[in-house]
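K.L.:
Input structure: upload_31.pdb, which contains PDB, C-alpha atoms.
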ATOM      1  CA  MET A   1     -60.139 -71.458 -28.066
ATOM      2  CA  SER A   2     -58.480 -68.549 -26.248
ATOM      3  CA  ARG A   3     -58.892 -65.006 -27.675
ATOM      4  CA  GLY A   4     -55.830 -63.672 -25.792
ATOM      5  CA  LEU A   5     -52.824 -62.192 -27.469
ATOM      6  CA  PRO A   6     -50.285 -64.512 -28.944
ATOM      7  CA  LYS A   7     -47.379 -65.253 -26.671
ATOM      8  CA  TYR A   8     -44.898 -63.208 -28.692
ATOM      9  CA  ASN A   9     -47.262 -60.174 -28.531
ATOM     10  CA  LYS A  10     -47.535 -60.540 -24.749
ATOM     11  CA  ARG A  11     -43.768 -60.514 -24.488
ATOM     12  CA  ARG A  12     -43.606 -57.394 -26.673
ATOM     13  CA  VAL A  13     -46.130 -55.545 -24.481
ATOM     14  CA  ALA A  14     -44.253 -56.560 -21.357
ATOM     15  CA  LEU A  15     -40.975 -55.395 -22.881
ATOM     16  CA  VAL A  16     -42.388 -52.033 -23.982
ATOM     17  CA  GLY A  17     -43.959 -51.522 -20.592
ATOM     18  CA  GLY A  18     -40.660 -52.315 -18.886
ATOM     19  CA  VAL A  19     -38.753 -49.855 -21.054
ATOM     20  CA  ALA A  20     -41.323 -47.147 -20.348
ATOM     21  CA  ALA A  21     -41.061 -47.815 -16.638
ATOM     22  CA  VAL A  22     -37.278 -47.621 -16.748
ATOM     23  CA  ALA A  23     -37.454 -44.388 -18.766
ATOM     24  CA  LEU A  24     -39.881 -42.860 -16.295
ATOM     25  CA  THR A  25     -37.771 -43.975 -13.379
ATOM     26  CA  GLY A  26     -34.683 -42.504 -15.009
ATOM     27  CA  ALA A  27     -36.505 -39.213 -15.585
ATOM     28  CA  VAL A  28     -37.538 -39.105 -11.945
ATOM     29  CA  VAL A  29     -33.976 -39.796 -10.818
ATOM     30  CA  VAL A  30     -32.537 -37.150 -13.167
ATOM     31  CA  ASN A  31     -35.150 -34.582 -12.191
ATOM     32  CA  THR A  32     -34.609 -35.306  -8.520
ATOM     33  CA  ALA A  33     -30.860 -34.897  -8.921
ATOM     34  CA  LEU A  34     -31.309 -31.662 -10.829
ATOM     35  CA  ALA A  35     -33.762 -30.358  -8.302
ATOM     36  CA  GLY A  36     -31.204 -30.925  -5.559
ATOM     37  CA  GLU A  37     -28.223 -29.572  -7.535
ATOM     38  CA  SER A  38     -28.910 -25.878  -7.239
ATOM     39  CA  PRO A  39     -28.645 -25.440  -3.440
ATOM     40  CA  LYS A  40     -25.676 -27.787  -3.314
ATOM     41  CA  SER A  41     -23.904 -25.822  -6.020
ATOM     42  CA  GLY A  42     -24.829 -22.550  -4.321
ATOM     43  CA  ALA A  43     -23.446 -23.824  -1.025
ATOM     44  CA  THR A  44     -20.218 -24.809  -2.755
ATOM     45  CA  ASN A  45     -19.932 -21.402  -4.398
ATOM     46  CA  ALA A  46     -20.627 -19.658  -1.108
ATOM     47  CA  LYS A  47     -17.860 -21.622   0.566
ATOM     48  CA  THR A  48     -15.328 -20.780  -2.141
ATOM     49  CA  LEU A  49     -15.807 -17.006  -1.914
ATOM     50  CA  ALA A  50     -12.548 -15.547  -0.585
ATOM     51  CA  GLY A  51     -12.617 -13.438   2.567
ATOM     52  CA  PRO A  52     -11.332  -9.861   2.547
ATOM     53  CA  GLY A  53      -8.322 -10.668   4.754
ATOM     54  CA  THR A  54      -7.003  -8.503   7.592
ATOM     55  CA  ILE A  55      -4.776  -5.450   7.963
ATOM     56  CA  ALA A  56      -1.287  -6.059   9.359
ATOM     57  CA  CYS A  57       0.758  -3.108  10.699
ATOM     58  CA  PRO A  58       4.260  -2.914  12.241
ATOM     59  CA  ASP A  59       4.433  -2.837  16.026
ATOM     60  CA  VAL A  60       5.250   0.623  17.354
ATOM     61  CA  THR A  61       5.367   0.075  21.115
ATOM     62  CA  GLY A  62       8.505  -2.048  20.897
ATOM     63  CA  GLN A  63      10.280   0.671  18.888
ATOM     64  CA  LEU A  64       9.853   3.457  21.445
ATOM     65  CA  PRO A  65      12.593   4.644  23.804
ATOM     66  CA  ALA A  66      11.914   5.060  27.524
ATOM     67  CA  VAL A  67       8.780   7.195  27.774
ATOM     68  CA  PRO A  68       9.010  10.067  30.305
ATOM     69  CA  ALA A  69       6.343   9.978  33.014
ATOM     70  CA  SER A  70       4.994  13.336  31.867
ATOM     71  CA  ALA A  71       4.386  11.940  28.365
ATOM     72  CA  LYS A  72       3.073   8.509  29.384
ATOM     73  CA  ALA A  73      -0.641   9.332  29.250
ATOM     74  CA  GLU A  74      -0.429  11.026  25.844
ATOM     75  CA  VAL A  75       1.746   8.271  24.370
ATOM     76  CA  ASP A  76      -0.586   5.553  25.677
ATOM     77  CA  ARG A  77      -3.581   7.389  24.241
ATOM     78  CA  ASN A  78      -1.976   7.572  20.809
ATOM     79  CA  LEU A  79      -0.846   3.944  20.929
ATOM     80  CA  ALA A  80      -4.461   2.997  21.627
ATOM     81  CA  LEU A  81      -5.505   5.224  18.715
ATOM     82  CA  LEU A  82      -3.157   3.304  16.401
ATOM     83  CA  GLN A  83      -5.024   0.106  17.283
ATOM     84  CA  THR A  84      -8.391   1.806  16.812
ATOM     85  CA  GLN A  85      -7.294   2.924  13.341
ATOM     86  CA  ILE A  86      -6.361  -0.656  12.426
ATOM     87  CA  ASP A  87      -9.722  -1.934  13.705
ATOM     88  CA  GLU A  88     -11.582   0.695  11.679
ATOM     89  CA  ALA A  89      -9.571  -0.211   8.560
ATOM     90  CA  ASN A  90     -10.371  -3.902   9.065
ATOM     91  CA  LYS A  91     -14.077  -3.080   9.369
ATOM     92  CA  ARG A  92     -13.949  -1.013   6.196
ATOM     93  CA  LEU A  93     -12.160  -3.881   4.459
ATOM     94  CA  VAL A  94     -15.098  -6.150   5.285
ATOM     95  CA  ASP A  95     -17.776  -3.555   4.459
ATOM     96  CA  THR A  96     -16.367  -2.698   1.016
ATOM     97  CA  VAL A  97     -15.692  -6.160  -0.415
ATOM     98  CA  GLY A  98     -16.275  -6.010  -4.177
ATOM     99  CA  GLN A  99     -16.141  -2.215  -4.436
ATOM    100  CA  GLY A 100     -13.814  -0.181  -6.625
ATOM    101  CA  GLY A 101     -11.092  -1.252  -9.003
ATOM    102  CA  PRO A 102      -7.930  -3.334  -8.535
ATOM    103  CA  ASN A 103      -6.253  -0.569  -6.485
ATOM    104  CA  PHE A 104      -9.248   0.176  -4.275
ATOM    105  CA  VAL A 105      -7.777  -1.352  -1.084
ATOM    106  CA  GLN A 106      -4.510   0.548  -1.482
ATOM    107  CA  ASN A 107      -6.140   3.854  -2.400
ATOM    108  CA  ALA A 108      -9.159   3.854  -0.098
ATOM    109  CA  ILE A 109      -8.006   1.826   2.936
ATOM    110  CA  LEU A 110      -4.247   1.257   3.235
ATOM    111  CA  GLY A 111      -3.294   4.736   1.966
ATOM    112  CA  PRO A 112      -5.598   6.660   4.332
ATOM    113  CA  LEU A 113      -4.573   4.351   7.204
ATOM    114  CA  LYS A 114      -0.909   5.147   6.579
ATOM    115  CA  ASP A 115      -1.642   8.883   6.644
ATOM    116  CA  LYS A 116      -3.525   8.565   9.939
ATOM    117  CA  ARG A 117      -0.676   6.537  11.426
ATOM    118  CA  VAL A 118       1.903   9.121  10.306
ATOM    119  CA  ALA A 119      -0.033  11.868  12.132
ATOM    120  CA  THR A 120      -0.439   9.699  15.255
ATOM    121  CA  LEU A 121       3.221   8.632  15.275
ATOM    122  CA  ASN A 122       4.216  12.263  14.899
ATOM    123  CA  ARG A 123       2.184  13.125  18.000
ATOM    124  CA  ILE A 124       3.947  10.329  19.911
ATOM    125  CA  GLU A 125       7.328  11.700  18.878
ATOM    126  CA  THR A 126       6.302  15.203  19.907
ATOM    127  CA  ALA A 127       4.974  14.074  23.291
ATOM    128  CA  ILE A 128       8.215  12.279  24.134
ATOM    129  CA  GLY A 129      10.307  15.135  22.733
ATOM    130  CA  ARG A 130       8.840  17.623  25.208
ATOM    131  CA  ALA A 131      10.642  15.939  28.111
ATOM    132  CA  ALA A 132      13.397  13.845  26.482
ATOM    133  CA  ALA A 133      15.225  13.284  23.221
ATOM    134  CA  LYS A 134      12.635  13.190  20.476
ATOM    135  CA  PRO A 135      12.599   9.815  18.703
ATOM    136  CA  GLU A 136      13.085  10.101  14.955
ATOM    137  CA  GLY A 137      11.992   7.895  12.097
ATOM    138  CA  LEU A 138       8.820   6.417  13.590
ATOM    139  CA  GLU A 139       7.052   7.250  10.311
ATOM    140  CA  ALA A 140       8.807   4.197   8.858
ATOM    141  CA  PHE A 141       6.301   2.101  10.828
ATOM    142  CA  ALA A 142       3.275   3.827   9.303
ATOM    143  CA  PRO A 143       2.652   1.652   6.183
ATOM    144  CA  CYS A 144       0.467  -1.407   6.679
ATOM    145  CA  ALA A 145      -0.297  -4.341   4.403
ATOM    146  CA  LEU A 146      -3.123  -6.703   3.588
ATOM    147  CA  ASN A 147      -2.539 -10.236   4.817
ATOM    148  CA  ALA A 148      -2.046 -12.684   1.931
ATOM    149  CA  GLY A 149      -5.225 -14.538   2.840
ATOM    150  CA  GLY A 150      -7.316 -11.609   1.701
ATOM    151  CA  ASN A 151      -5.244 -10.361  -1.177
ATOM    152  CA  ALA A 152      -7.068 -12.379  -3.801
ATOM    153  CA  GLY A 153     -10.421 -11.762  -2.168
ATOM    154  CA  GLN A 154     -10.125  -7.995  -2.099
ATOM    155  CA  ASP A 155      -7.588  -6.701  -4.584
ATOM    156  CA  THR A 156      -7.543  -9.356  -7.276
ATOM    157  CA  GLY A 157     -11.055 -10.618  -6.714
ATOM    158  CA  ALA A 158     -12.583  -7.189  -6.486
ATOM    159  CA  GLY A 159     -10.562  -6.119  -9.489
ATOM    160  CA  ALA A 160     -11.995  -8.895 -11.609
ATOM    161  CA  GLY A 161     -15.525  -8.494 -10.336
ATOM    162  CA  ALA A 162     -15.631  -4.758  -9.877
ATOM    163  CA  GLY A 163     -13.800  -4.098 -13.109
ATOM    164  CA  ALA A 164     -16.827  -5.401 -14.974
ATOM    165  CA  GLY A 165     -19.510  -4.778 -12.349
ATOM    166  CA  ALA A 166     -18.578  -1.891 -10.094
ATOM    167  CA  GLY A 167     -16.603  -0.299 -12.895
ATOM    168  CA  ALA A 168     -19.875   0.127 -14.711
ATOM    169  CA  GLY A 169     -21.927   0.639 -11.555
ATOM    170  CA  ALA A 170     -20.064   2.251  -8.665
ATOM    171  CA  GLY A 171     -17.559   3.893 -10.979
ATOM    172  CA  ALA A 172     -20.320   5.349 -13.108
ATOM    173  CA  ALA A 173     -22.117   6.603  -9.999
ATOM    174  CA  GLU A 174     -18.924   8.401  -8.954
ATOM    175  CA  THR A 175     -18.523  10.257 -12.232
ATOM    176  CA  PRO A 176     -21.259  12.880 -11.780
ATOM    177  CA  ALA A 177     -20.190  13.592  -8.203
ATOM    178  CA  ASN A 178     -16.514  13.621  -9.021
ATOM    179  CA  GLN A 179     -16.413  15.485 -12.313
ATOM    180  CA  ALA A 180     -17.415  18.966 -13.287
ATOM    181  CA  GLY A 181     -18.880  19.341 -16.747
ATOM    182  CA  GLY A 182     -18.821  15.554 -17.213
ATOM    183  CA  ASP A 183     -15.052  15.240 -17.810
ATOM    184  CA  ALA A 184     -13.203  17.640 -15.484
ATOM    185  CA  ALA A 185     -12.168  16.222 -12.122
ATOM    186  CA  GLY A 186     -12.158  19.609 -10.406
ATOM    187  CA  THR A 187      -9.415  21.009  -8.169
ATOM    188  CA  ILE A 188      -8.604  20.848  -4.470
ATOM    189  CA  SER A 189      -9.206  24.024  -2.472
ATOM    190  CA  CYS A 190      -7.742  24.425   1.024
ATOM    191  CA  PRO A 191      -7.795  27.305   3.556
ATOM    192  CA  ASP A 192      -4.690  29.485   3.530
ATOM    193  CA  VAL A 193      -2.510  28.841   6.566
ATOM    194  CA  ALA A 194       0.297  31.390   6.088
ATOM    195  CA  SER A 195      -2.061  34.356   6.490
ATOM    196  CA  ARG A 196      -3.385  32.966   9.790
ATOM    197  CA  LEU A 197      -0.007  32.709  11.496
ATOM    198  CA  PRO A 198       1.248  35.168  14.113
ATOM    199  CA  ALA A 199       4.669  36.797  13.891
ATOM    200  CA  ILE A 200       7.159  34.001  13.281
ATOM    201  CA  PRO A 201      10.339  34.016  15.415
ATOM    202  CA  ALA A 202      13.542  34.046  13.367
ATOM    203  CA  SER A 203      14.598  30.742  14.917
ATOM    204  CA  ALA A 204      11.434  29.082  13.592
ATOM    205  CA  ARG A 205      11.315  30.732  10.180
ATOM    206  CA  ALA A 206      13.092  27.968   8.213
ATOM    207  CA  GLU A 207      11.000  25.161   9.698
ATOM    208  CA  VAL A 208       7.746  27.081   9.238
ATOM    209  CA  ASP A 209       8.580  27.915   5.611
ATOM    210  CA  ARG A 210       9.471  24.274   4.945
ATOM    211  CA  ASN A 211       6.125  23.087   6.297
ATOM    212  CA  LEU A 212       4.174  25.800   4.457
ATOM    213  CA  ALA A 213       5.803  24.575   1.248
ATOM    214  CA  LEU A 214       4.868  21.012   2.230
ATOM    215  CA  LEU A 215       1.225  22.052   2.600
ATOM    216  CA  GLN A 216       1.309  23.290  -0.990
ATOM    217  CA  THR A 217       2.990  20.081  -2.173
ATOM    218  CA  GLN A 218       0.265  18.037  -0.476
ATOM    219  CA  ILE A 219      -2.423  19.997  -2.321
ATOM    220  CA  GLY A 220      -0.607  19.490  -5.618
ATOM    221  CA  GLU A 221      -0.360  15.742  -5.007
ATOM    222  CA  ALA A 222      -4.060  15.565  -4.109
ATOM    223  CA  ASP A 223      -4.949  17.462  -7.295
ATOM    224  CA  THR A 224      -2.934  14.979  -9.357
ATOM    225  CA  ARG A 225      -4.605  12.041  -7.637
ATOM    226  CA  LEU A 226      -8.017  13.602  -8.224
ATOM    227  CA  ARG A 227      -7.346  13.694 -11.959
ATOM    228  CA  ASN A 228      -5.787  10.241 -12.106
ATOM    229  CA  THR A 229      -8.639   8.468 -10.306
ATOM    230  CA  VAL A 230     -11.641   9.883 -12.138
ATOM    231  CA  GLY A 231     -14.314   7.182 -12.300
ATOM    232  CA  GLN A 232     -12.810   5.000  -9.566
ATOM    233  CA  GLY A 233     -14.533   3.871  -6.395
ATOM    234  CA  GLY A 234     -18.004   4.596  -5.087
ATOM    235  CA  PRO A 235     -19.830   7.833  -4.295
ATOM    236  CA  ASN A 236     -17.576   8.555  -1.288
ATOM    237  CA  PHE A 237     -14.283   7.751  -3.010
ATOM    238  CA  VAL A 238     -13.039  11.352  -3.260
ATOM    239  CA  GLN A 239     -13.796  12.049   0.403
ATOM    240  CA  ASN A 240     -12.376   8.762   1.698
ATOM    241  CA  ALA A 241      -9.368   8.338  -0.571
ATOM    242  CA  ILE A 242      -8.299  11.947  -1.312
ATOM    243  CA  LEU A 243      -9.817  14.630   0.916
ATOM    244  CA  GLY A 244      -9.668  12.561   4.111
ATOM    245  CA  PRO A 245      -5.982  11.593   3.761
ATOM    246  CA  LEU A 246      -5.135  15.155   2.707
ATOM    247  CA  LYS A 247      -6.764  16.505   5.867
ATOM    248  CA  ASP A 248      -4.757  14.071   8.022
ATOM    249  CA  LYS A 249      -1.510  15.149   6.341
ATOM    250  CA  ARG A 250      -2.379  18.816   6.820
ATOM    251  CA  VAL A 251      -3.214  18.286  10.509
ATOM    252  CA  SER A 252       0.241  16.784  11.041
ATOM    253  CA  THR A 253       2.016  19.530   9.068
ATOM    254  CA  ILE A 254       0.061  22.351  10.703
ATOM    255  CA  ASP A 255       0.818  20.837  14.107
ATOM    256  CA  ARG A 256       4.542  20.970  13.311
ATOM    257  CA  ILE A 257       4.189  24.629  12.357
ATOM    258  CA  ALA A 258       2.462  25.443  15.650
ATOM    259  CA  ILE A 259       5.083  23.512  17.645
ATOM    260  CA  SER A 260       8.012  25.219  15.917
ATOM    261  CA  ILE A 261       6.573  28.682  16.662
ATOM    262  CA  GLY A 262       5.715  27.644  20.213
ATOM    263  CA  ARG A 263       9.331  26.814  21.060
ATOM    264  CA  THR A 264      10.259  30.516  21.291
ATOM    265  CA  ALA A 265       6.899  32.346  21.291
ATOM    266  CA  ALA A 266       3.236  31.826  22.126
ATOM    267  CA  LYS A 267       2.072  28.673  20.379
ATOM    268  CA  PRO A 268      -0.767  29.467  17.943
ATOM    269  CA  GLN A 269      -3.984  27.614  18.720
ATOM    270  CA  GLY A 270      -6.811  26.332  16.551
ATOM    271  CA  LEU A 271      -4.833  25.998  13.320
ATOM    272  CA  GLU A 272      -6.249  22.475  12.843
ATOM    273  CA  ALA A 273      -9.490  24.144  11.765
ATOM    274  CA  LEU A 274      -7.694  25.017   8.534
ATOM    275  CA  ALA A 275      -6.881  21.383   7.705
ATOM    276  CA  ALA A 276     -10.071  20.376   5.886
ATOM    277  CA  CYS A 277     -10.184  20.929   2.114
ATOM    278  CA  THR A 278     -12.893  20.695  -0.550
ATOM    279  CA  VAL A 279     -13.161  19.989  -4.273
ATOM    280  CA  ASN A 280     -13.977  22.928  -6.531
ATOM    281  CA  ARG A 281     -16.328  21.968  -9.374
TER     282      ARG A 281
END
Output the structure of this file as structure tokens.
P.N.:
Amino acid sequence: MSRGLPKYNKRRVALVGGVAAVALTGAVVVNTALAGESPKSGATNAKTLAGPGTIACPDVTGQLPAVPASAKAEVDRNLALLQTQIDEANKRLVDTVGQGGPNFVQNAILGPLKDKRVATLNRIETAIGRAAAKPEGLEAFAPCALNAGGNAGQDTGAGAGAGAGAGAGAGAAETPANQAGGDAAGTISCPDVASRLPAIPASARAEVDRNLALLQTQIGEADTRLRNTVGQGGPNFVQNAILGPLKDKRVSTIDRIAISIGRTAAKPQGLEALAACTVNR
């Protein structure tokens, strides 16, 4: 007489064993899938990150009149400088992805680029004007824009990410460097230009006075911007977005002062040394 298990017990053992095997197999499959999910998901996320885009500026060369031979070299040099400025802005766009608030690109890249282009375009006008009719209105070609492909990646994307991240990180790091006494933004201090000028010919007086007043307006605007942007950007925000553009504007304005005096008297030299300003704490 056999001592083995009854047939129905054997079937039960086989069934239980089969279920256990299926369960184990399922666990292995699930675990394997989960183990492989992370890099795949990471790769997907990496691919969906938006790029910063590129800077697009109006063409200037096609807007120029005939360039006198005597001005050709200087005009070509400044046209090349316009391209260099765009390249530098594009590099900064890439290097600062995720920094600042929703207006970071406008305030720290496009704004300063416009100011540099205004000064460069002004030099082109002046160079041509020495030997021919001076072209007017080239400043209209100074503003640049961010291509739509990068708008979400830099302005909107950075605004959403940096508003919560950099707003608490980079913005907080800016506060001690940008504020005196914890809350005060400070004030802009610039070298006095009027006291460094020689005797001004009567024919140049109105233009010089107009540009001296403009220098003061530029300081006032920079002071306002300093107050309105407290806590924005990284540790170099004030230098890059306020002091740097202010210096470029002052270089252009001071150059116009020197040129206006130089039309009827000795042109003052070295006034550009008075362009740089600082923040009083």
K.L.:
Specify as a PyMOL selection string each residue included when the PyMOL selection byres ((chain A and resi 137) around 12) is applied to this file.
P.N.:
chain A and resi 60+63-64+118+121-122+124-125+134-136+138-142
K.L.:
As a list in words, please: the residues near Ile259 of chain A (cut-off 12 Å, only C-alpha atoms, same-chain neighbours under 6 positions excluded).
P.N.:
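My list of contacting residues is Asn122, Arg123, Thr126, Ala127, Gly129, Arg130, Ile200, Pro201, Ala204, Glu207, Val208, Asn211, Ser252, Thr253, Ala265, Ala266, Lys267, Pro268, Gln269 and Leu271 of chain A.
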K.L.:
Could you check how far atom CA of Ala132 of chain A sits from atom CA of Pro68 of chain A, in Å to one decimal?
P.N.:
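So the answer is 6.9 Å.
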K.L.:
With distances taken over all atoms listed in the file, which of A:Ala199, A:Ile254, A:Val279, A:Leu81 is nearest to Leu226 of chain A?
P.N.:
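Of A:Ala199, A:Ile254, A:Val279, A:Leu81, the one nearest Leu226 of chain A is A:Val279, counting all atoms listed in the file.
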K.L.:
Report, in Å to a single decimal, how far apart atom CA of Leu214 of chain A and atom CA of Ala202 of chain A are.
P.N.:
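Going from atom CA of Ala202 of chain A over to atom CA of Leu214 of chain A, I get 19.2 Å.
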K.L.:
Measuring between only C-alpha atoms, which one of A:Leu79, A:Ala145, A:Ala66, A:Cys277 shows the shortest distance to Ala119 of chain A?
P.N.:
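Ranking A:Leu79, A:Ala145, A:Ala66, A:Cys277 by distance to Ala119 of chain A, first place goes to A:Leu79.
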K.L.:
I would like the residues chosen by the PyMOL selection byres ((chain A and resi 229) around 10) on the shown file; could you give them as a short mmCIF file (atom, residue, chain, number, x, y, z; two decimals) with C-alpha atoms, keeping the file's coordinate frame?
P.N.:
data_model
loop_
_atom_site.label_atom_id
_atom_site.label_comp_id
_atom_site.auth_asym_id
_atom_site.auth_seq_id
_atom_site.Cartn_x
_atom_site.Cartn_y
_atom_site.Cartn_z
CA ASN A 107 -6.14 3.85 -2.40
CA ASN A 178 -16.51 13.62 -9.02
CA ALA A 185 -12.17 16.22 -12.12
CA THR A 224 -2.93 14.98 -9.36
CA ARG A 225 -4.61 12.04 -7.64
CA LEU A 226 -8.02 13.60 -8.22
CA ARG A 227 -7.35 13.69 -11.96
CA ASN A 228 -5.79 10.24 -12.11
CA VAL A 230 -11.64 9.88 -12.14
CA GLY A 231 -14.31 7.18 -12.30
CA GLN A 232 -12.81 5.00 -9.57
CA GLY A 233 -14.53 3.87 -6.40
CA PHE A 237 -14.28 7.75 -3.01
CA VAL A 238 -13.04 11.35 -3.26
CA ALA A 241 -9.37 8.34 -0.57
CA ILE A 242 -8.30 11.95 -1.31
#
K.L.:
Between atom CA of Leu246 of chain A and atom CA of Ile109 of chain A, what is the spacing in Å?
P.N.:
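These atoms are spaced 13.6 Å apart.
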K.L.:
Determine the nearest neighbour of Arg77 of chain A from the options A:Gln216, A:Ser260, A:Thr120, A:Asn280, counting only C-alpha atoms.
P.N.:
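Among the listed residues, the smallest separation from Arg77 of chain A belongs to A:Thr120.
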